[in-house]
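One file, data10.cif, is given below (mmCIF, C-alpha atoms).
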```
data_upload
loop_
_atom_site.label_atom_id
_atom_site.label_comp_id
_atom_site.auth_asym_id
_atom_site.auth_seq_id
_atom_site.Cartn_x
_atom_site.Cartn_y
_atom_site.Cartn_z
CA MET R 1 10.98 41.14 -7.21
CA ARG R 2 8.86 38.17 -6.13
CA ASP R 3 5.68 40.21 -6.46
CA ARG R 4 6.62 40.99 -10.02
CA ALA R 5 7.42 37.34 -10.73
CA TYR R 6 4.06 36.26 -9.31
CA LEU R 7 2.29 38.91 -11.39
CA LEU R 8 4.01 37.65 -14.54
CA TRP R 9 3.13 34.06 -13.58
CA SER R 10 -0.53 35.02 -13.15
CA LEU R 11 -0.61 36.79 -16.50
CA LEU R 12 0.96 33.76 -18.16
CA VAL R 13 -1.67 31.48 -16.61
CA LEU R 14 -4.41 33.82 -17.78
CA ALA R 15 -3.02 33.88 -21.30
CA LEU R 16 -2.65 30.10 -21.37
CA SER R 17 -6.16 29.56 -20.05
CA TYR R 18 -7.59 31.37 -23.07
CA THR R 19 -5.18 30.62 -25.89
CA VAL R 20 -4.68 26.87 -25.44
CA PRO R 21 -8.39 25.92 -25.43
CA TYR R 22 -9.22 28.16 -28.39
CA PHE R 23 -6.22 27.42 -30.61
CA VAL R 24 -4.89 24.00 -29.58
CA LEU R 25 -7.78 22.10 -28.02
CA ARG R 26 -10.71 23.49 -30.01
CA GLU R 27 -11.54 20.22 -31.77
CA CYS R 28 -10.89 17.79 -28.91
CA LYS R 29 -13.57 15.21 -28.25
CA ASP R 30 -12.01 13.55 -25.23
CA LEU R 31 -11.10 14.72 -21.74
CA SER R 32 -7.92 16.57 -22.77
CA LEU R 33 -9.55 19.99 -22.33
CA TYR R 34 -10.75 19.03 -18.87
CA ALA R 35 -7.31 17.65 -18.04
CA PHE R 36 -5.67 20.88 -19.23
CA TRP R 37 -7.94 23.02 -17.05
CA LEU R 38 -7.44 20.71 -14.07
CA VAL R 39 -3.64 20.71 -14.32
CA LEU R 40 -3.46 24.47 -14.93
CA THR R 41 -5.72 25.17 -11.96
CA LEU R 42 -3.82 22.85 -9.62
CA VAL R 43 -0.45 24.30 -10.61
CA HIS R 44 -1.69 27.87 -10.23
CA PHE R 45 -3.30 27.04 -6.88
CA THR R 46 -0.04 25.47 -5.64
CA VAL R 47 2.06 28.43 -6.77
CA THR R 48 -0.38 30.82 -5.11
CA LEU R 49 -0.22 28.91 -1.82
CA ILE R 50 3.58 28.94 -1.90
CA TYR R 51 3.53 32.66 -2.66
CA LEU R 52 1.12 33.47 0.17
CA ARG R 53 2.81 31.27 2.77
CA GLY R 54 6.24 32.63 1.96
CA GLU R 55 5.14 36.23 1.90
CA ALA R 56 6.62 37.12 5.32
CA SER R 57 9.96 35.50 4.61
CA TRP R 58 10.22 37.14 1.18
CA ARG R 59 9.72 40.64 2.52
CA SER R 60 11.84 40.45 5.63
#
```

Would you put the structure from the file into structure tokens?
Amino acid sequence: MRDRAYLLWSLLVLALSYTVPYFVLRECKDLSLYAFWLVLTLVHFTVTLIYLRGEASWRS
């Protein structure tokens, strides 16, 4: 179940990483695009670390 949830999370991050810059932030002239990428990357990195560290406890 947690593997499936992580897979869905990763697909959501992938979809957000392409759709938001092209449809929402396409005309931005400030650092909002950089801030979006930074926040998305940090959140995904944190979720991935939690997933990998908790792997043994999830499957036991």

Q.
Report, in Å to a single decimal, how far apart atom CA of R:Met1 and atom CA of R:Gly54 are.
A.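 We find that atom CA of R:Gly54 and atom CA of R:Met1 lie 13.4 Å from each other.
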
Q.
Given all atoms listed in the file as the basis, pick out the residue of R:Arg2, R:Tyr34, R:Tyr51, R:Leu40 nearest to R:Ala15.
A. R:Leu40

Q) Please, what distance in Å, to one decimal, runs between atom CA of R:Leu14 and atom CA of R:Cys28? A)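 Distance reported for this atom pair: 20.6 Å.
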
Q: Grab the atom CA of R:Val43 to atom CA of R:Glu27 distance for me, in Å with one decimal place.
A: 24.2 Å

Q. Which residue, R:Asp3, R:Leu12, R:Val47, R:Trp37, has the smallest gap to R:Leu25 when you use only C-alpha atoms?
A. R:Trp37

Taking every listed atom of stretch 20-32 of chain R and adding 3 Å to each side, what centre and edge lengths in Å (one decimal) does the axis-aligned box have, as lines of an AutoDock Vina configuration file?
```
center_x = -9.1
center_y = 20.9
center_z = -26.8
size_x = 14.9
size_y = 20.6
size_z = 16.0
```

Q. What lies within 10 Å of R:Thr41 using all atoms listed in the file, ignoring chain neighbours under 5 positions off, as a VMD selection string?
A. chain R and resid 13 17 35 to 36 46 to 47
